[in-house]
$ cat model-v1.pdb   # PDB, C-alpha atoms, pLDDT in the B column
ATOM      1  CA  MET A   5      20.135 -45.874  19.486  1.00 63.00           C
ATOM      2  CA  ALA A   6      20.543 -43.641  22.545  1.00 70.00           C
ATOM      3  CA  GLY A   7      21.925 -40.819  20.355  1.00 74.00           C
ATOM      4  CA  THR A   8      18.847 -40.922  18.124  1.00 80.00           C
ATOM      5  CA  ASP A   9      16.531 -40.734  21.150  1.00 84.00           C
ATOM      6  CA  THR A  10      18.458 -37.741  22.516  1.00 88.00           C
ATOM      7  CA  ALA A  11      18.317 -35.926  19.169  1.00 88.00           C
ATOM      8  CA  LEU A  12      14.608 -36.626  18.841  1.00 89.00           C
ATOM      9  CA  GLN A  13      13.983 -35.469  22.411  1.00 91.00           C
ATOM     10  CA  SER A  14      15.996 -32.297  21.767  1.00 92.00           C
ATOM     11  CA  GLU A  15      13.968 -31.626  18.620  1.00 92.00           C
ATOM     12  CA  TYR A  16      10.705 -32.040  20.564  1.00 92.00           C
ATOM     13  CA  VAL A  17      11.940 -29.690  23.285  1.00 93.00           C
ATOM     14  CA  GLN A  18      12.736 -27.024  20.683  1.00 94.00           C
ATOM     15  CA  LYS A  19       9.332 -27.463  19.046  1.00 94.00           C
ATOM     16  CA  VAL A  20       7.527 -27.189  22.399  1.00 95.00           C
ATOM     17  CA  ASP A  21       9.563 -24.061  23.274  1.00 94.00           C
ATOM     18  CA  ALA A  22       8.586 -22.455  19.969  1.00 95.00           C
ATOM     19  CA  ASP A  23       4.935 -23.387  20.536  1.00 95.00           C
ATOM     20  CA  LEU A  24       5.051 -21.898  24.048  1.00 94.00           C
ATOM     21  CA  LYS A  25       6.486 -18.612  22.744  1.00 94.00           C
ATOM     22  CA  HIS A  26       3.844 -18.469  20.025  1.00 94.00           C
ATOM     23  CA  ASN A  27       1.113 -19.227  22.551  1.00 95.00           C
ATOM     24  CA  LEU A  28       2.286 -16.437  24.876  1.00 92.00           C
ATOM     25  CA  SER A  29       2.485 -13.908  22.058  1.00 91.00           C
ATOM     26  CA  GLU A  30      -1.038 -14.839  20.912  1.00 92.00           C
ATOM     27  CA  GLN A  31      -2.313 -14.455  24.483  1.00 92.00           C
ATOM     28  CA  GLU A  32      -0.781 -10.980  24.698  1.00 88.00           C
ATOM     29  CA  ARG A  33      -2.196  -9.975  21.321  1.00 89.00           C
ATOM     30  CA  LEU A  34      -5.663 -11.140  22.314  1.00 89.00           C
ATOM     31  CA  ARG A  35      -5.407  -9.348  25.680  1.00 88.00           C
ATOM     32  CA  SER A  36      -4.661  -6.055  23.937  1.00 85.00           C
ATOM     33  CA  GLU A  37      -7.510  -6.574  21.443  1.00 87.00           C
ATOM     34  CA  SER A  38      -9.812  -7.476  24.318  1.00 87.00           C
ATOM     35  CA  ALA A  39      -8.856  -4.291  26.187  1.00 85.00           C
ATOM     36  CA  ALA A  40      -9.572  -2.188  23.090  1.00 85.00           C
ATOM     37  CA  LEU A  41     -12.931  -3.907  22.648  1.00 88.00           C
ATOM     38  CA  GLU A  42     -13.761  -3.318  26.320  1.00 87.00           C
ATOM     39  CA  LEU A  43     -13.109   0.403  25.825  1.00 86.00           C
ATOM     40  CA  ARG A  44     -15.351   0.477  22.772  1.00 88.00           C
ATOM     41  CA  LEU A  45     -18.058  -1.467  24.600  1.00 89.00           C
ATOM     42  CA  GLU A  46     -17.943   0.953  27.531  1.00 88.00           C
ATOM     43  CA  ALA A  47     -18.219   3.916  25.152  1.00 89.00           C
ATOM     44  CA  LEU A  48     -21.221   2.302  23.480  1.00 90.00           C
ATOM     45  CA  ARG A  49     -22.827   1.679  26.870  1.00 90.00           C
ATOM     46  CA  LYS A  50     -22.372   5.332  27.780  1.00 89.00           C
ATOM     47  CA  ASP A  51     -23.846   6.408  24.455  1.00 89.00           C
ATOM     48  CA  HIS A  52     -26.787   4.074  25.006  1.00 89.00           C
ATOM     49  CA  GLU A  53     -27.487   5.528  28.454  1.00 89.00           C
ATOM     50  CA  LEU A  54     -27.350   9.036  27.049  1.00 88.00           C
ATOM     51  CA  LEU A  55     -29.649   8.187  24.147  1.00 89.00           C
ATOM     52  CA  VAL A  56     -32.147   6.507  26.477  1.00 88.00           C
ATOM     53  CA  SER A  57     -32.217   9.595  28.701  1.00 86.00           C
ATOM     54  CA  VAL A  58     -32.616  11.935  25.716  1.00 88.00           C
ATOM     55  CA  LYS A  59     -35.440   9.786  24.352  1.00 86.00           C
ATOM     56  CA  ALA A  60     -37.181   9.775  27.725  1.00 85.00           C
ATOM     57  CA  ALA A  61     -36.823  13.551  27.977  1.00 85.00           C
ATOM     58  CA  LEU A  62     -38.159  14.047  24.468  1.00 86.00           C
ATOM     59  CA  GLU A  63     -41.116  11.800  25.173  1.00 84.00           C
ATOM     60  CA  LYS A  64     -41.888  13.861  28.299  1.00 84.00           C
ATOM     61  CA  GLY A  65     -41.684  17.046  26.255  1.00 75.00           C
ATOM     62  CA  ALA A  66     -38.652  18.424  28.071  1.00 58.00           C
ATOM     63  CA  VAL A  67     -36.989  21.521  26.736  1.00 51.00           C
ATOM     64  CA  PRO A  68     -33.501  20.849  25.308  1.00 50.00           C
ATOM     65  CA  GLY A  69     -30.883  21.638  27.918  1.00 52.00           C
ATOM     66  CA  GLN A  70     -33.073  20.359  30.733  1.00 49.00           C
ATOM     67  CA  VAL A  71     -32.473  16.677  30.033  1.00 46.00           C
ATOM     68  CA  GLN A  72     -31.877  14.742  33.224  1.00 51.00           C
ATOM     69  CA  ARG A  73     -30.332  11.336  33.562  1.00 50.00           C
ATOM     70  CA  PRO A  74     -32.780   8.543  34.306  1.00 52.00           C
ATOM     71  CA  HIS A  75     -32.509   7.094  37.791  1.00 54.00           C
ATOM     72  CA  GLY A  76     -32.251   3.418  38.655  1.00 52.00           C
ATOM     73  CA  ARG A  77     -35.201   1.060  38.931  1.00 52.00           C
ATOM     74  CA  ARG A  78     -38.150   2.049  41.087  1.00 53.00           C
ATOM     75  CA  GLY A  79     -37.313   2.069  44.750  1.00 51.00           C
ATOM     76  CA  GLU A  80     -33.612   1.826  43.975  1.00 50.00           C
ATOM     77  CA  LYS A  81     -31.553   4.728  45.272  1.00 51.00           C
ATOM     78  CA  GLU A  82     -28.652   5.992  43.282  1.00 49.00           C
ATOM     79  CA  THR A  83     -25.420   5.163  45.044  1.00 52.00           C
ATOM     80  CA  PRO A  84     -22.737   7.795  45.596  1.00 54.00           C
ATOM     81  CA  HIS A  85     -20.486   5.912  43.186  1.00 55.00           C
ATOM     82  CA  ARG A  86     -23.075   6.180  40.389  1.00 54.00           C
ATOM     83  CA  GLN A  87     -23.460   9.887  41.121  1.00 54.00           C
ATOM     84  CA  ASP A  88     -19.671  10.373  40.876  1.00 56.00           C
ATOM     85  CA  VAL A  89     -19.580   8.543  37.560  1.00 53.00           C
ATOM     86  CA  ALA A  90     -22.424  10.696  36.228  1.00 51.00           C
ATOM     87  CA  VAL A  91     -20.630  13.902  37.282  1.00 50.00           C
ATOM     88  CA  LYS A  92     -17.328  12.765  35.741  1.00 53.00           C
ATOM     89  CA  ARG A  93     -19.107  11.784  32.520  1.00 51.00           C
ATOM     90  CA  LYS A  94     -20.779  15.198  32.271  1.00 50.00           C
ATOM     91  CA  LYS A  95     -17.477  16.993  32.876  1.00 50.00           C
ATOM     92  CA  SER A  96     -15.595  14.921  30.323  1.00 50.00           C
ATOM     93  CA  THR A  97     -18.233  15.311  27.612  1.00 48.00           C
ATOM     94  CA  ARG A  98     -18.402  19.080  27.949  1.00 47.00           C
ATOM     95  CA  SER A  99     -14.785  19.860  27.202  1.00 50.00           C
ATOM     96  CA  ALA A 100     -13.684  16.868  25.160  1.00 67.00           C
ATOM     97  CA  ALA A 101     -13.452  17.299  21.422  1.00 76.00           C
ATOM     98  CA  PRO A 102     -14.393  14.284  19.303  1.00 84.00           C
ATOM     99  CA  LEU A 103     -11.440  11.956  18.849  1.00 85.00           C
ATOM    100  CA  ARG A 104     -11.796  12.189  15.062  1.00 88.00           C
ATOM    101  CA  GLU A 105     -11.158  15.937  15.213  1.00 86.00           C
ATOM    102  CA  LEU A 106      -8.147  15.423  17.457  1.00 86.00           C
ATOM    103  CA  VAL A 107      -6.533  12.890  15.131  1.00 87.00           C
ATOM    104  CA  VAL A 108      -7.106  15.165  12.131  1.00 89.00           C
ATOM    105  CA  ALA A 109      -5.449  18.009  14.084  1.00 88.00           C
ATOM    106  CA  VAL A 110      -2.429  15.797  14.820  1.00 88.00           C
ATOM    107  CA  LEU A 111      -2.176  14.853  11.145  1.00 89.00           C
ATOM    108  CA  ALA A 112      -2.457  18.504  10.107  1.00 89.00           C
ATOM    109  CA  GLU A 113       0.421  19.475  12.424  1.00 88.00           C
ATOM    110  CA  ARG A 114       2.719  16.912  10.857  1.00 85.00           C
ATOM    111  CA  GLN A 115       3.838  17.218   7.276  1.00 79.00           C
ATOM    112  CA  GLU A 116       4.670  13.540   6.736  1.00 87.00           C
ATOM    113  CA  PRO A 117       2.364  10.491   6.819  1.00 90.00           C
ATOM    114  CA  CYS A 118       1.805   8.991  10.288  1.00 91.00           C
ATOM    115  CA  SER A 119       0.870   5.520  11.459  1.00 93.00           C
ATOM    116  CA  ALA A 120      -1.950   4.957  13.944  1.00 91.00           C
ATOM    117  CA  ALA A 121       0.653   4.199  16.626  1.00 92.00           C
ATOM    118  CA  GLU A 122       2.409   7.535  16.007  1.00 91.00           C
ATOM    119  CA  VAL A 123      -0.883   9.430  16.222  1.00 89.00           C
ATOM    120  CA  THR A 124      -1.771   7.556  19.432  1.00 89.00           C
ATOM    121  CA  LYS A 125       1.576   8.509  20.954  1.00 89.00           C
ATOM    122  CA  ALA A 126       1.130  12.168  19.998  1.00 87.00           C
ATOM    123  CA  LEU A 127      -2.388  12.214  21.459  1.00 85.00           C
ATOM    124  CA  ALA A 128      -1.271  10.462  24.635  1.00 85.00           C
ATOM    125  CA  ASN A 129       1.325  13.198  25.155  1.00 84.00           C
ATOM    126  CA  SER A 130      -1.257  15.960  24.763  1.00 81.00           C
ATOM    127  CA  GLN A 131      -4.466  14.300  26.055  1.00 69.00           C
ATOM    128  CA  THR A 132      -3.503  12.810  29.418  1.00 64.00           C
ATOM    129  CA  ASP A 133      -7.112  12.583  30.653  1.00 75.00           C
ATOM    130  CA  ARG A 134      -8.260  10.301  27.801  1.00 77.00           C
ATOM    131  CA  ALA A 135      -7.932   6.550  27.724  1.00 80.00           C
ATOM    132  CA  LEU A 136      -6.471   5.851  24.294  1.00 84.00           C
ATOM    133  CA  SER A 137      -5.552   2.693  22.444  1.00 88.00           C
ATOM    134  CA  VAL A 138      -4.093   2.245  19.001  1.00 90.00           C
ATOM    135  CA  GLN A 139      -7.295   0.517  17.865  1.00 93.00           C
ATOM    136  CA  LEU A 140      -9.453   3.391  19.119  1.00 91.00           C
ATOM    137  CA  VAL A 141      -7.255   5.924  17.296  1.00 91.00           C
ATOM    138  CA  ARG A 142      -7.225   3.748  14.168  1.00 93.00           C
ATOM    139  CA  ASN A 143     -11.039   3.744  14.193  1.00 94.00           C
ATOM    140  CA  ALA A 144     -11.044   7.545  14.504  1.00 91.00           C
ATOM    141  CA  LEU A 145      -8.545   7.774  11.641  1.00 92.00           C
ATOM    142  CA  GLU A 146     -10.710   5.553   9.447  1.00 93.00           C
ATOM    143  CA  SER A 147     -13.703   7.721  10.334  1.00 91.00           C
ATOM    144  CA  SER A 148     -11.773  10.798   9.233  1.00 90.00           C
ATOM    145  CA  VAL A 149     -10.915   9.045   5.946  1.00 92.00           C
ATOM    146  CA  ALA A 150     -14.604   8.290   5.438  1.00 92.00           C
ATOM    147  CA  LYS A 151     -15.421  11.977   5.974  1.00 91.00           C
ATOM    148  CA  ASN A 152     -12.665  13.108   3.549  1.00 90.00           C
ATOM    149  CA  GLN A 153     -10.712  14.793   6.329  1.00 89.00           C
ATOM    150  CA  SER A 154      -7.657  12.585   5.848  1.00 91.00           C
ATOM    151  CA  GLU A 155      -6.181  10.106   3.403  1.00 91.00           C
ATOM    152  CA  ARG A 156      -5.007   6.522   3.875  1.00 92.00           C
ATOM    153  CA  ILE A 157      -1.727   5.443   2.303  1.00 91.00           C
ATOM    154  CA  LYS A 158      -0.852   1.742   2.148  1.00 90.00           C
ATOM    155  CA  GLN A 159       2.804   0.799   1.823  1.00 88.00           C
ATOM    156  CA  GLN A 160       3.479  -2.949   1.844  1.00 87.00           C
ATOM    157  CA  ASN A 161       2.051  -4.144   5.180  1.00 89.00           C
ATOM    158  CA  SER A 162       1.802  -0.685   6.762  1.00 89.00           C
ATOM    159  CA  VAL A 163      -0.932   1.931   6.700  1.00 91.00           C
ATOM    160  CA  TYR A 164      -0.193   5.645   7.063  1.00 93.00           C
ATOM    161  CA  TYR A 165      -2.502   8.637   7.250  1.00 93.00           C
ATOM    162  CA  THR A 166      -2.162  12.253   6.169  1.00 91.00           C
ATOM    163  CA  ALA A 167      -4.476  15.207   6.612  1.00 89.00           C
ATOM    164  CA  ARG A 168      -6.348  16.345   3.532  1.00 86.00           C
ATOM    165  CA  PRO A 169      -5.906  19.995   2.748  1.00 79.00           C
ATOM    166  CA  GLN A 170      -9.146  21.693   3.705  1.00 69.00           C
ATOM    167  CA  PRO A 171     -10.517  24.063   1.064  1.00 64.00           C
ATOM    168  CA  ALA A 172     -10.340  27.703   2.033  1.00 60.00           C
ATOM    169  CA  PRO A 173     -13.733  29.254   2.688  1.00 57.00           C
ATOM    170  CA  ALA A 174     -15.059  31.051  -0.363  1.00 56.00           C
ATOM    171  CA  GLU A 175     -14.394  34.725  -0.088  1.00 53.00           C
ATOM    172  CA  HIS A 176     -17.272  37.048  -0.745  1.00 52.00           C
ATOM    173  CA  SER A 177     -16.416  39.822  -3.125  1.00 51.00           C
ATOM    174  CA  ASN A 178     -17.258  43.328  -2.092  1.00 53.00           C
ATOM    175  CA  ALA A 179     -18.322  44.220  -5.617  1.00 52.00           C
ATOM    176  CA  PRO A 180     -22.049  44.669  -6.096  1.00 54.00           C
ATOM    177  CA  GLU A 181     -23.771  41.893  -7.974  1.00 51.00           C
ATOM    178  CA  GLU A 182     -24.990  42.673 -11.458  1.00 51.00           C
ATOM    179  CA  LEU A 183     -28.699  42.479 -11.994  1.00 53.00           C
ATOM    180  CA  SER A 184     -29.887  41.476 -15.433  1.00 45.00           C
TER
END
$ encode --input "model-v1.pdb" --output "structure tokens"
Amino acid sequence: MAGTDTALQSEYVQKVDADLKHNLSEQERLRSESAALELRLEALRKDHELLVSVKAALEKGAVPGQVQRPHGRRGEKETPHRQDVAVKRKKSTRSAAPLRELVVAVLAERQEPCSAAEVTKALANSQTDRALSVQLVRNALESSVAKNQSERIKQQNSVYYTARPQPAPAEHSNAPEELS
């Protein structure tokens, strides 16, 4: 009877170990998804602030190019930290190309299909000042697919992307047009 109890106890220990490993891997997966969602939420917050300031400027009849960021609530002074964030945001938005264009450029450089992780790695090597995640790059890739700038290829459980060949601009002939 003691041998049966030991075998049963050993089986339970193995099951609990497997459950613990699964639990830890799920926690890690959810942490990474949460981090990607936090990045997206922060980007949406920034966009919202910008849109609110543009709307306020338009309602005041401001000339484009003279849009100023709205200040805090009445009587509230802007802290140096908020000023630094505003300056950094303005600097980053001036020179940064849209992520969709960057992922299309990476795909165009490569001749073979690439996964979102491969594109993220390539961008991380070239864009050190950007916070990138695989989910963020995947969203940009899907956006490029929606705009016919790239193609999605599904192979079993994997998804790969390739750049679509862009049509050459129509050349204007130098011959005079015929008038009828």
$ residues_around --input "model-v1.pdb" --residues "range 38-40 of chain A" --least-positions-apart "6" --cutoff "7 Å" --atoms "all atoms listed in the file" --output "ChimeraX atom specification"
/A:137,139-140
$ atom_distance --input "model-v1.pdb" --atom1 "CA of Ala128 in chain A" --atom2 "CA of Leu103 in chain A"
11.8 Å
$ residues_around --input "model-v1.pdb" --residues "Leu136 in chain A" --least-positions-apart "4" --cutoff "12 Å" --atoms "only C-alpha atoms" --output "PDB file with C-alpha atoms, keeping the file's coordinate frame"
ATOM      1  CA  ALA A  39      -8.856  -4.291  26.187  1.00 85.00           C
ATOM      2  CA  ALA A  40      -9.572  -2.188  23.090  1.00 85.00           C
ATOM      3  CA  LEU A  41     -12.931  -3.907  22.648  1.00 88.00           C
ATOM      4  CA  GLU A  42     -13.761  -3.318  26.320  1.00 87.00           C
ATOM      5  CA  LEU A  43     -13.109   0.403  25.825  1.00 86.00           C
ATOM      6  CA  ARG A  44     -15.351   0.477  22.772  1.00 88.00           C
ATOM      7  CA  ALA A  47     -18.219   3.916  25.152  1.00 89.00           C
ATOM      8  CA  LEU A 103     -11.440  11.956  18.849  1.00 85.00           C
ATOM      9  CA  LEU A 106      -8.147  15.423  17.457  1.00 86.00           C
ATOM     10  CA  VAL A 107      -6.533  12.890  15.131  1.00 87.00           C
ATOM     11  CA  ALA A 120      -1.950   4.957  13.944  1.00 91.00           C
ATOM     12  CA  ALA A 121       0.653   4.199  16.626  1.00 92.00           C
ATOM     13  CA  VAL A 123      -0.883   9.430  16.222  1.00 89.00           C
ATOM     14  CA  THR A 124      -1.771   7.556  19.432  1.00 89.00           C
ATOM     15  CA  LYS A 125       1.576   8.509  20.954  1.00 89.00           C
ATOM     16  CA  ALA A 126       1.130  12.168  19.998  1.00 87.00           C
ATOM     17  CA  LEU A 127      -2.388  12.214  21.459  1.00 85.00           C
ATOM     18  CA  ALA A 128      -1.271  10.462  24.635  1.00 85.00           C
ATOM     19  CA  ASN A 129       1.325  13.198  25.155  1.00 84.00           C
ATOM     20  CA  SER A 130      -1.257  15.960  24.763  1.00 81.00           C
ATOM     21  CA  GLN A 131      -4.466  14.300  26.055  1.00 69.00           C
ATOM     22  CA  THR A 132      -3.503  12.810  29.418  1.00 64.00           C
ATOM     23  CA  LEU A 140      -9.453   3.391  19.119  1.00 91.00           C
ATOM     24  CA  VAL A 141      -7.255   5.924  17.296  1.00 91.00           C
ATOM     25  CA  ARG A 142      -7.225   3.748  14.168  1.00 93.00           C
ATOM     26  CA  ASN A 143     -11.039   3.744  14.193  1.00 94.00           C
ATOM     27  CA  ALA A 144     -11.044   7.545  14.504  1.00 91.00           C
TER      28      ALA A 144
END
$ closest_residue --input "model-v1.pdb" --among "A:Val56, A:Ala167, A:Leu62, A:Ala22" --to "Ala112 in chain A" --atoms "only C-alpha atoms"
A:Ala167
$ atom_distance --input "model-v1.pdb" --atom1 "CA of Ala109 in chain A" --atom2 "CA of Leu55 in chain A"
28.0 Å
$ resolve_selection --input "model-v1.pdb" --expression "the PyMOL selection byres ((chain A and resi 162) around 12)" --output "PyMOL selection string"
chain A and resi 117-121+156-161+163-165
$ write_last_selection --input "model-v1.pdb" --atoms "C-alpha atoms" --output "mmCIF file, in the coordinates of the input"
data_model
loop_
_atom_site.group_PDB
_atom_site.id
_atom_site.type_symbol
_atom_site.label_atom_id
_atom_site.label_comp_id
_atom_site.auth_asym_id
_atom_site.auth_seq_id
_atom_site.Cartn_x
_atom_site.Cartn_y
_atom_site.Cartn_z
ATOM 1 C CA PRO A 117 2.364 10.491 6.819
ATOM 2 C CA CYS A 118 1.805 8.991 10.288
ATOM 3 C CA SER A 119 0.870 5.520 11.459
ATOM 4 C CA ALA A 120 -1.950 4.957 13.944
ATOM 5 C CA ALA A 121 0.653 4.199 16.626
ATOM 6 C CA ARG A 156 -5.007 6.522 3.875
ATOM 7 C CA ILE A 157 -1.727 5.443 2.303
ATOM 8 C CA LYS A 158 -0.852 1.742 2.148
ATOM 9 C CA GLN A 159 2.804 0.799 1.823
ATOM 10 C CA GLN A 160 3.479 -2.949 1.844
ATOM 11 C CA ASN A 161 2.051 -4.144 5.180
ATOM 12 C CA VAL A 163 -0.932 1.931 6.700
ATOM 13 C CA TYR A 164 -0.193 5.645 7.063
ATOM 14 C CA TYR A 165 -2.502 8.637 7.250
#
$ atom_distance --input "model-v1.pdb" --atom1 "CA of Asn152 in chain A" --atom2 "CA of Pro169 in chain A"
9.7 Å
$ closest_residue --input "model-v1.pdb" --among "A:Arg168, A:Lys25, A:Lys59, A:Arg33" --to "Glu116 in chain A" --atoms "all atoms listed in the file"
A:Arg168
$ closest_residue --input "model-v1.pdb" --among "A:Ala11, A:Leu145, A:Ala101, A:Val138" --to "Thr166 in chain A" --atoms "all atoms listed in the file"
A:Leu145
